[in-house]
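Enquirer: The file below is run-v1.cif, mmCIF, C-alpha atoms; chains and numbers go by the auth columns:
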data_input
loop_
_atom_site.group_PDB
_atom_site.id
_atom_site.type_symbol
_atom_site.label_atom_id
_atom_site.label_comp_id
_atom_site.label_asym_id
_atom_site.label_seq_id
_atom_site.Cartn_x
_atom_site.Cartn_y
_atom_site.Cartn_z
_atom_site.B_iso_or_equiv
_atom_site.auth_seq_id
_atom_site.auth_asym_id
ATOM 1 C CA LEU A 1 21.506 18.287 -71.068 0.00 466 M
ATOM 2 C CA GLU A 2 22.136 17.435 -74.711 0.00 467 M
ATOM 3 C CA ASP A 3 24.394 20.527 -74.853 0.00 468 M
ATOM 4 C CA PHE A 4 26.675 18.867 -72.248 0.00 469 M
ATOM 5 C CA GLY A 5 26.894 15.553 -74.103 0.00 470 M
ATOM 6 C CA PHE A 6 24.251 13.618 -72.060 0.00 471 M
ATOM 7 C CA PRO A 7 21.547 11.539 -73.780 0.00 472 M
ATOM 8 C CA ALA A 8 18.278 13.393 -74.320 0.00 473 M
ATOM 9 C CA ASP A 9 16.335 11.188 -71.821 0.00 474 M
ATOM 10 C CA THR A 10 18.771 11.810 -68.938 0.00 475 M
ATOM 11 C CA GLU A 11 17.069 13.575 -65.948 0.00 476 M
ATOM 12 C CA ALA A 12 18.786 16.532 -64.318 0.00 477 M
ATOM 13 C CA PRO A 13 20.031 15.802 -60.754 0.00 478 M
ATOM 14 C CA THR A 14 17.909 17.361 -57.980 0.00 479 M
ATOM 15 C CA GLU A 15 19.359 19.265 -55.035 0.00 480 M
ATOM 16 C CA ASP A 16 19.297 17.370 -51.715 0.00 481 M
ATOM 17 C CA LYS A 17 17.903 20.062 -49.419 0.00 482 M
ATOM 18 C CA SER A 18 17.861 17.725 -46.370 0.00 483 M
ATOM 19 C CA ILE A 19 21.650 17.980 -46.044 0.00 484 M
ATOM 20 C CA ASP A 20 23.237 21.262 -45.141 0.00 485 M
ATOM 21 C CA ARG A 21 26.971 20.607 -45.479 0.00 486 M
ATOM 22 C CA GLY A 22 27.816 23.778 -43.572 0.00 487 M
ATOM 23 C CA HIS A 23 25.355 23.200 -40.722 0.00 488 M
ATOM 24 C CA THR A 24 26.441 20.074 -38.814 0.00 489 M
ATOM 25 C CA VAL A 25 26.576 19.468 -35.054 0.00 490 M
ATOM 26 C CA SER A 26 30.114 20.090 -33.897 0.00 491 M
ATOM 27 C CA ASN A 27 29.548 19.982 -30.149 0.00 492 M
ATOM 28 C CA MET A 28 26.868 19.408 -27.500 0.00 493 M
ATOM 29 C CA VAL A 29 26.253 20.638 -23.974 0.00 494 M
ATOM 30 C CA ALA A 30 23.865 18.813 -21.633 0.00 495 M
ATOM 31 C CA ALA A 31 22.578 19.778 -18.189 0.00 496 M
ATOM 32 C CA PRO A 32 19.576 19.100 -15.966 0.00 497 M
ATOM 33 C CA ALA A 33 16.442 21.020 -16.937 0.00 498 M
ATOM 34 C CA ALA A 34 16.156 24.296 -15.035 0.00 499 M
ATOM 35 C CA GLY A 35 14.566 23.941 -11.610 0.00 500 M
ATOM 36 C CA LYS A 36 14.354 20.160 -11.843 0.00 501 M
ATOM 37 C CA LEU A 37 15.235 18.053 -8.788 0.00 502 M
ATOM 38 C CA PHE A 38 16.016 14.357 -9.015 0.00 503 M
ATOM 39 C CA TYR A 39 15.399 11.616 -6.476 0.00 504 M
ATOM 40 C CA ALA A 40 16.459 7.994 -6.147 0.00 505 M
ATOM 41 C CA GLY A 41 14.089 5.838 -8.158 0.00 506 M
ATOM 42 C CA ASP A 42 13.181 8.538 -10.696 0.00 507 M
ATOM 43 C CA THR A 43 13.035 7.653 -14.392 0.00 508 M
ATOM 44 C CA LEU A 44 14.765 10.151 -16.678 0.00 509 M
ATOM 45 C CA THR A 45 13.060 11.413 -19.833 0.00 510 M
ATOM 46 C CA THR A 46 14.258 13.850 -22.489 0.00 511 M
ATOM 47 C CA GLU A 47 12.088 16.502 -20.808 0.00 512 M
ATOM 48 C CA ASP A 48 14.415 16.327 -17.790 0.00 513 M
ATOM 49 C CA ILE A 49 17.499 17.231 -19.857 0.00 514 M
ATOM 50 C CA ALA A 50 18.473 20.570 -21.390 0.00 515 M
ATOM 51 C CA LEU A 51 20.511 19.667 -24.491 0.00 516 M
ATOM 52 C CA SER A 52 22.212 22.377 -26.536 0.00 517 M
ATOM 53 C CA LEU A 53 23.370 21.523 -30.057 0.00 518 M
ATOM 54 C CA ILE A 54 26.261 23.679 -31.237 0.00 519 M
ATOM 55 C CA TYR A 55 26.566 23.731 -35.025 0.00 520 M
ATOM 56 C CA SER A 56 29.635 24.221 -37.172 0.00 521 M
ATOM 57 C CA ASP A 57 28.435 27.667 -38.203 0.00 522 M
ATOM 58 C CA GLY A 58 28.343 28.790 -34.556 0.00 523 M
ATOM 59 C CA SER A 59 24.549 28.642 -34.124 0.00 524 M
ATOM 60 C CA VAL A 60 23.008 26.952 -31.091 0.00 525 M
ATOM 61 C CA GLU A 61 19.759 25.019 -30.837 0.00 526 M
ATOM 62 C CA MET A 62 18.026 23.780 -27.687 0.00 527 M
ATOM 63 C CA VAL A 63 16.277 20.417 -28.098 0.00 528 M
ATOM 64 C CA ASN A 64 14.201 18.248 -25.746 0.00 529 M
ATOM 65 C CA SER A 65 13.628 15.267 -28.013 0.00 530 M
ATOM 66 C CA GLY A 66 15.428 13.125 -30.551 0.00 531 M
ATOM 67 C CA PHE A 67 18.111 11.921 -28.150 0.00 532 M
ATOM 68 C CA THR A 68 18.532 9.180 -25.558 0.00 533 M
ATOM 69 C CA VAL A 69 19.730 9.227 -21.950 0.00 534 M
ATOM 70 C CA SER A 70 21.537 6.541 -19.978 0.00 535 M
ATOM 71 C CA PRO A 71 20.907 5.353 -17.378 0.00 536 M
ATOM 72 C CA GLU A 72 17.163 5.985 -17.528 0.00 537 M
ATOM 73 C CA LYS A 73 16.564 4.821 -13.949 0.00 538 M
ATOM 74 C CA LEU A 74 18.270 6.671 -11.100 0.00 539 M
ATOM 75 C CA THR A 75 18.926 3.870 -8.650 0.00 540 M
ATOM 76 C CA GLY A 76 21.454 5.452 -6.302 0.00 541 M
ATOM 77 C CA GLU A 77 21.993 8.632 -4.340 0.00 542 M
ATOM 78 C CA GLY A 78 24.590 11.363 -4.723 0.00 543 M
ATOM 79 C CA SER A 79 26.391 12.262 -7.939 0.00 544 M
ATOM 80 C CA GLN A 80 25.619 10.156 -11.031 0.00 545 M
ATOM 81 C CA THR A 81 27.058 10.487 -14.536 0.00 546 M
ATOM 82 C CA ILE A 82 24.442 10.720 -17.279 0.00 547 M
ATOM 83 C CA THR A 83 25.269 9.995 -20.919 0.00 548 M
ATOM 84 C CA VAL A 84 23.270 11.756 -23.625 0.00 549 M
ATOM 85 C CA THR A 85 23.400 10.409 -27.181 0.00 550 M
ATOM 86 C CA TYR A 86 22.268 12.464 -30.188 0.00 551 M
ATOM 87 C CA GLY A 87 22.878 10.757 -33.495 0.00 552 M
ATOM 88 C CA SER A 88 26.479 9.574 -33.432 0.00 553 M
ATOM 89 C CA GLN A 89 27.593 12.053 -30.775 0.00 554 M
ATOM 90 C CA THR A 90 27.553 11.702 -27.002 0.00 555 M
ATOM 91 C CA VAL A 91 28.033 14.048 -24.099 0.00 556 M
ATOM 92 C CA GLN A 92 28.112 13.411 -20.360 0.00 557 M
ATOM 93 C CA PHE A 93 27.244 15.445 -17.303 0.00 558 M
ATOM 94 C CA ASP A 94 26.931 14.828 -13.555 0.00 559 M
ATOM 95 C CA LEU A 95 23.532 14.771 -11.912 0.00 560 M
ATOM 96 C CA THR A 96 22.868 15.096 -8.176 0.00 561 M
ATOM 97 C CA VAL A 97 20.375 12.492 -6.984 0.00 562 M
ATOM 98 C CA MET A 98 18.715 13.063 -3.617 0.00 563 M
ATOM 99 C CA PRO A 99 17.475 10.255 -1.355 0.00 564 M
ATOM 100 C CA LEU A 100 13.758 9.506 -1.502 0.00 565 M
ATOM 101 C CA THR A 101 12.298 9.815 1.990 0.00 566 M
ATOM 102 C CA ILE A 102 8.845 9.706 3.552 0.00 567 M
ATOM 103 C CA THR A 103 7.711 13.038 4.883 0.00 568 M
ATOM 104 C CA LYS A 104 4.333 12.006 6.217 0.00 569 M
ATOM 105 C CA LEU A 105 2.019 9.043 6.718 0.00 570 M
ATOM 106 C CA GLU A 106 -1.603 9.944 6.029 0.00 571 M
ATOM 107 C CA LEU A 107 -4.767 8.127 7.061 0.00 572 M
ATOM 108 C CA GLN A 108 -7.055 8.667 4.082 0.00 573 M
ATOM 109 C CA SER A 109 -9.789 6.373 5.352 0.00 574 M
ATOM 110 C CA ALA A 110 -10.243 4.823 8.797 0.00 575 M
ATOM 111 C CA PRO A 111 -10.793 1.072 9.186 0.00 576 M
ATOM 112 C CA SER A 112 -14.396 -0.071 8.862 0.00 577 M
ATOM 113 C CA LYS A 113 -14.317 -1.650 12.313 0.00 578 M
ATOM 114 C CA LEU A 114 -13.778 0.695 15.258 0.00 579 M
ATOM 115 C CA HIS A 115 -15.730 -1.191 17.949 0.00 580 M
ATOM 116 C CA TYR A 116 -14.107 -4.157 19.705 0.00 581 M
ATOM 117 C CA TYR A 117 -14.250 -6.386 22.753 0.00 582 M
ATOM 118 C CA VAL A 118 -11.438 -7.169 25.168 0.00 583 M
ATOM 119 C CA GLY A 119 -9.164 -9.812 23.638 0.00 584 M
ATOM 120 C CA ASP A 120 -9.934 -8.902 20.014 0.00 585 M
ATOM 121 C CA GLU A 121 -7.206 -8.268 17.453 0.00 586 M
ATOM 122 C CA PRO A 122 -7.377 -5.090 15.326 0.00 587 M
ATOM 123 C CA ASP A 123 -8.976 -5.428 11.895 0.00 588 M
ATOM 124 C CA PHE A 124 -7.742 -2.920 9.287 0.00 589 M
ATOM 125 C CA THR A 125 -10.202 -3.835 6.554 0.00 590 M
ATOM 126 C CA GLY A 126 -11.287 -0.639 4.782 0.00 591 M
ATOM 127 C CA MET A 127 -8.322 1.422 5.953 0.00 592 M
ATOM 128 C CA VAL A 128 -6.596 3.496 3.270 0.00 593 M
ATOM 129 C CA LEU A 129 -3.076 4.580 4.227 0.00 594 M
ATOM 130 C CA THR A 130 -0.743 6.630 2.021 0.00 595 M
ATOM 131 C CA ALA A 131 2.885 7.688 2.359 0.00 596 M
ATOM 132 C CA ALA A 132 3.903 11.155 1.111 0.00 597 M
ATOM 133 C CA PHE A 133 7.487 11.518 -0.152 0.00 598 M
ATOM 134 C CA ASN A 134 9.889 14.446 -0.445 0.00 599 M
ATOM 135 C CA ASN A 135 9.562 14.418 -4.250 0.00 600 M
ATOM 136 C CA ALA A 136 5.856 15.362 -3.918 0.00 601 M
ATOM 137 C CA SER A 137 4.719 11.844 -4.863 0.00 602 M
ATOM 138 C CA SER A 138 2.627 9.503 -2.741 0.00 603 M
ATOM 139 C CA GLU A 139 1.709 5.833 -2.729 0.00 604 M
ATOM 140 C CA ALA A 140 -0.636 3.483 -0.935 0.00 605 M
ATOM 141 C CA VAL A 141 0.865 1.575 2.009 0.00 606 M
ATOM 142 C CA THR A 142 -0.183 -1.969 2.877 0.00 607 M
ATOM 143 C CA ASP A 143 2.899 -3.450 4.613 0.00 608 M
ATOM 144 C CA PHE A 144 2.578 -1.385 7.786 0.00 609 M
ATOM 145 C CA ASP A 145 3.089 -2.431 11.390 0.00 610 M
ATOM 146 C CA TYR A 146 0.851 -1.655 14.374 0.00 611 M
ATOM 147 C CA ASN A 147 0.600 -1.853 18.143 0.00 612 M
ATOM 148 C CA PRO A 148 -0.963 -3.189 20.265 0.00 613 M
ATOM 149 C CA LYS A 149 -1.515 -6.499 18.502 0.00 614 M
ATOM 150 C CA LYS A 150 -4.325 -7.444 20.909 0.00 615 M
ATOM 151 C CA LEU A 151 -6.796 -5.123 22.640 0.00 616 M
ATOM 152 C CA THR A 152 -6.596 -5.986 26.328 0.00 617 M
ATOM 153 C CA GLU A 153 -8.019 -2.884 27.996 0.00 618 M
ATOM 154 C CA GLU A 154 -11.577 -1.603 28.240 0.00 619 M
ATOM 155 C CA GLY A 155 -12.534 1.860 27.080 0.00 620 M
ATOM 156 C CA THR A 156 -10.909 3.982 24.398 0.00 621 M
ATOM 157 C CA GLN A 157 -7.652 2.625 22.996 0.00 622 M
ATOM 158 C CA VAL A 158 -5.273 4.108 20.464 0.00 623 M
ATOM 159 C CA ILE A 159 -3.744 1.807 17.855 0.00 624 M
ATOM 160 C CA THR A 160 -0.466 3.190 16.495 0.00 625 M
ATOM 161 C CA VAL A 161 0.168 2.355 12.839 0.00 626 M
ATOM 162 C CA THR A 162 3.800 2.749 11.691 0.00 627 M
ATOM 163 C CA TYR A 163 5.688 2.642 8.390 0.00 628 M
ATOM 164 C CA ASN A 164 9.331 3.599 7.770 0.00 629 M
ATOM 165 C CA GLY A 165 9.598 5.793 10.848 0.00 630 M
ATOM 166 C CA GLN A 166 6.275 7.591 10.374 0.00 631 M
ATOM 167 C CA ALA A 167 3.094 6.948 12.351 0.00 632 M
ATOM 168 C CA VAL A 168 -0.637 7.609 12.483 0.00 633 M
ATOM 169 C CA SER A 169 -3.166 6.796 15.194 0.00 634 M
ATOM 170 C CA VAL A 170 -6.482 4.969 15.007 0.00 635 M
ATOM 171 C CA GLU A 171 -8.811 5.381 17.989 0.00 636 M
ATOM 172 C CA VAL A 172 -11.130 2.462 18.832 0.00 637 M
ATOM 173 C CA THR A 173 -13.642 1.591 21.548 0.00 638 M
ATOM 174 C CA VAL A 174 -13.155 -1.618 23.534 0.00 639 M
ATOM 175 C CA GLU A 175 -15.963 -3.173 25.592 0.00 640 M
ATOM 176 C CA PRO A 176 -15.657 -5.867 28.270 0.00 641 M
ATOM 177 C CA VAL A 177 -16.697 -9.385 27.330 0.00 642 M
ATOM 178 C CA ALA A 178 -19.832 -10.433 29.206 0.00 643 M
ATOM 179 C CA LEU A 179 -22.093 -13.497 29.247 0.00 644 M
ATOM 180 C CA ASP A 180 -25.162 -12.701 27.192 0.00 645 M
ATOM 181 C CA SER A 181 -27.125 -15.911 27.531 0.00 646 M
ATOM 182 C CA LEU A 182 -26.945 -19.610 28.384 0.00 647 M
ATOM 183 C CA LYS A 183 -28.455 -22.151 26.021 0.00 648 M
ATOM 184 C CA VAL A 184 -29.315 -25.796 26.556 0.00 649 M
ATOM 185 C CA THR A 185 -27.890 -27.647 23.573 0.00 650 M
ATOM 186 C CA SER A 186 -28.676 -31.112 24.927 0.00 651 M
ATOM 187 C CA GLU A 187 -31.088 -31.995 27.746 0.00 652 M
ATOM 188 C CA PRO A 188 -30.263 -34.497 30.512 0.00 653 M
ATOM 189 C CA SER A 189 -30.696 -38.159 29.578 0.00 654 M
ATOM 190 C CA ARG A 190 -33.064 -38.908 32.456 0.00 655 M
ATOM 191 C CA LYS A 191 -36.479 -37.262 32.216 0.00 656 M
ATOM 192 C CA THR A 192 -38.610 -39.288 34.655 0.00 657 M
ATOM 193 C CA TYR A 193 -38.268 -38.971 38.431 0.00 658 M
ATOM 194 C CA TYR A 194 -40.098 -39.711 41.666 0.00 659 M
ATOM 195 C CA VAL A 195 -40.835 -37.189 44.362 0.00 660 M
ATOM 196 C CA GLY A 196 -37.730 -36.799 46.500 0.00 661 M
ATOM 197 C CA ASP A 197 -35.295 -37.815 43.763 0.00 662 M
ATOM 198 C CA THR A 198 -32.182 -35.735 43.102 0.00 663 M
ATOM 199 C CA LEU A 199 -31.811 -34.304 39.625 0.00 664 M
ATOM 200 C CA ASP A 200 -29.316 -36.203 37.456 0.00 665 M
ATOM 201 C CA THR A 201 -27.547 -33.839 35.025 0.00 666 M
ATOM 202 C CA THR A 202 -25.881 -36.624 33.020 0.00 667 M
ATOM 203 C CA GLY A 203 -26.165 -35.778 29.313 0.00 668 M
ATOM 204 C CA LEU A 204 -26.837 -32.087 29.951 0.00 669 M
ATOM 205 C CA GLU A 205 -24.899 -29.849 27.538 0.00 670 M
ATOM 206 C CA LEU A 206 -24.836 -26.082 27.859 0.00 671 M
ATOM 207 C CA THR A 207 -23.482 -23.333 25.600 0.00 672 M
ATOM 208 C CA ALA A 208 -22.476 -19.895 26.853 0.00 673 M
ATOM 209 C CA VAL A 209 -23.192 -17.027 24.440 0.00 674 M
ATOM 210 C CA TYR A 210 -21.181 -13.814 24.943 0.00 675 M
ATOM 211 C CA ASN A 211 -21.854 -10.233 23.879 0.00 676 M
ATOM 212 C CA ASN A 212 -18.998 -10.378 21.355 0.00 677 M
ATOM 213 C CA GLY A 213 -20.837 -13.092 19.436 0.00 678 M
ATOM 214 C CA LYS A 214 -18.546 -15.896 20.563 0.00 679 M
ATOM 215 C CA THR A 215 -19.759 -19.108 22.190 0.00 680 M
ATOM 216 C CA GLU A 216 -18.196 -21.876 24.240 0.00 681 M
ATOM 217 C CA PRO A 217 -19.415 -25.143 25.735 0.00 682 M
ATOM 218 C CA VAL A 218 -20.046 -25.243 29.490 0.00 683 M
ATOM 219 C CA THR A 219 -19.187 -28.534 31.139 0.00 684 M
ATOM 220 C CA SER A 220 -18.660 -27.455 34.733 0.00 685 M
ATOM 221 C CA GLY A 221 -19.056 -24.553 37.064 0.00 686 M
ATOM 222 C CA PHE A 222 -22.791 -24.168 36.490 0.00 687 M
ATOM 223 C CA ASP A 223 -25.484 -24.362 39.153 0.00 688 M
ATOM 224 C CA TYR A 224 -29.131 -25.444 38.936 0.00 689 M
ATOM 225 C CA SER A 225 -32.273 -25.433 41.002 0.00 690 M
ATOM 226 C CA PRO A 226 -34.069 -27.287 42.398 0.00 691 M
ATOM 227 C CA LYS A 227 -31.640 -30.055 43.176 0.00 692 M
ATOM 228 C CA THR A 228 -34.260 -32.252 44.826 0.00 693 M
ATOM 229 C CA LEU A 229 -37.584 -32.813 43.049 0.00 694 M
ATOM 230 C CA ASN A 230 -40.196 -32.486 45.816 0.00 695 M
ATOM 231 C CA THR A 231 -43.290 -31.800 43.713 0.00 696 M
ATOM 232 C CA ALA A 232 -45.213 -34.240 41.554 0.00 697 M
ATOM 233 C CA GLY A 233 -45.950 -33.289 37.947 0.00 698 M
ATOM 234 C CA THR A 234 -43.931 -31.331 35.396 0.00 699 M
ATOM 235 C CA GLN A 235 -41.150 -29.237 36.827 0.00 700 M
ATOM 236 C CA THR A 236 -38.881 -26.650 35.238 0.00 701 M
ATOM 237 C CA ILE A 237 -35.231 -26.786 36.183 0.00 702 M
#
For this file, write the structure as structure tokens.
Expert:
Amino acid sequence: LEDFGFPADTEAPTEDKSIDRGHTVSNMVAAPAAGKLFYAGDTLTTEDIALSLIYSDGSVEMVNSGFTVSPEKLTGEGSQTITVTYGSQTVQFDLTVMPLTITKLELQSAPSKLHYYVGDEPDFTGMVLTAAFNNASSEAVTDFDYNPKKLTEEGTQVITVTYNGQAVSVEVTVEPVALDSLKVTSEPSRKTYYVGDTLDTTGLELTAVYNNGKTEPVTSGFDYSPKTLNTAGTQTI
């Protein structure tokens, strides 16, 4: 460098190989990735976009990263305009967004309880229900509806579970409610009688136990025997 009039300690400039002045992006073309379908609610990624970079020297490069898309969330249906930004350049294209619909409701696991008594309400504990969509995705469903709300008929009953126009059936067995046993929860107040006296049931409290596990107090409608105590000694009523 001394031959060109520079001081002896001056360093020679280095070539900046990261900048190719004759190889800059002059245009871009964006389109949906081949074979890709889009549905309402989808989130766009760079993998969903085919972006072609056209350089000033006429060469073309396909890229699937290094750019941004807007909007990222497809919230509507029909034609939507997508903006792709690469560096300082942008390009737009129209994307067709299809409605997201349920194609099938699937019962993955039946409810734990399938045996009931007349008057019971269905219990869906343990049931796993999923909805399959037209974009090949699926999700668990918990906010379903069902009928009947109360099981009023004996025998086999079908509970219809519905969600967004789709339905599945759950078959259950319903038994009649019957009295299983009668328990004395409080004995009559009077325990001592004379032969010929009539039994006094004041203070007697009874509880009816049914085959469905439920109980209820009995205050009337019961019968007893004997009504007249004709034998001396201990008697069983």
Enquirer: Restricting the calculation to only C-alpha atoms, which member of M:His580, M:Thr625, M:Thr548, M:Leu565 is positioned closest to Ala596 in chain M?
Expert: M:Leu565
Enquirer: Restricting the calculation to all atoms listed in the file: of M:Val633, M:Ile547, M:Ala597, M:Val534, which residue gets closest to Ser574 in chain M?
Expert: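 Looking at the shortest contact to Ser574 in chain M, the residue is M:Val633.
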Enquirer: Applied to the shown file, which residues does the PyMOL selection byres ((chain M and resi 697) around 6) return, written as a CSV table (one decimal) with C-alpha atoms, keeping the file's coordinate frame?
Expert:
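Resulting contents of out_4.csv:
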chain,number,residue,atom,x,y,z
M,660,VAL,CA,-40.8,-37.2,44.4
M,696,THR,CA,-43.3,-31.8,43.7
M,698,GLY,CA,-46.0,-33.3,37.9
Enquirer: Written as a ChimeraX atom specification, what is the full residue list that the PyMOL selection byres ((chain M and resi 566) around 10) yields on the file shown?
Expert: /M:504-505,563-565,567-569,596-600,629
Enquirer: Please evaluate the PyMOL selection byres ((chain M and resi 691) around 10) against the displayed coordinates and give the resulting residues as a list in words.
Expert: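 On the file shown, the PyMOL selection byres ((chain M and resi 691) around 10) covers Thr663, Leu664, Asp688, Tyr689, Ser690, Lys692, Thr693, Leu694, Asn695, Gln700, Thr701 and Ile702 of chain M.
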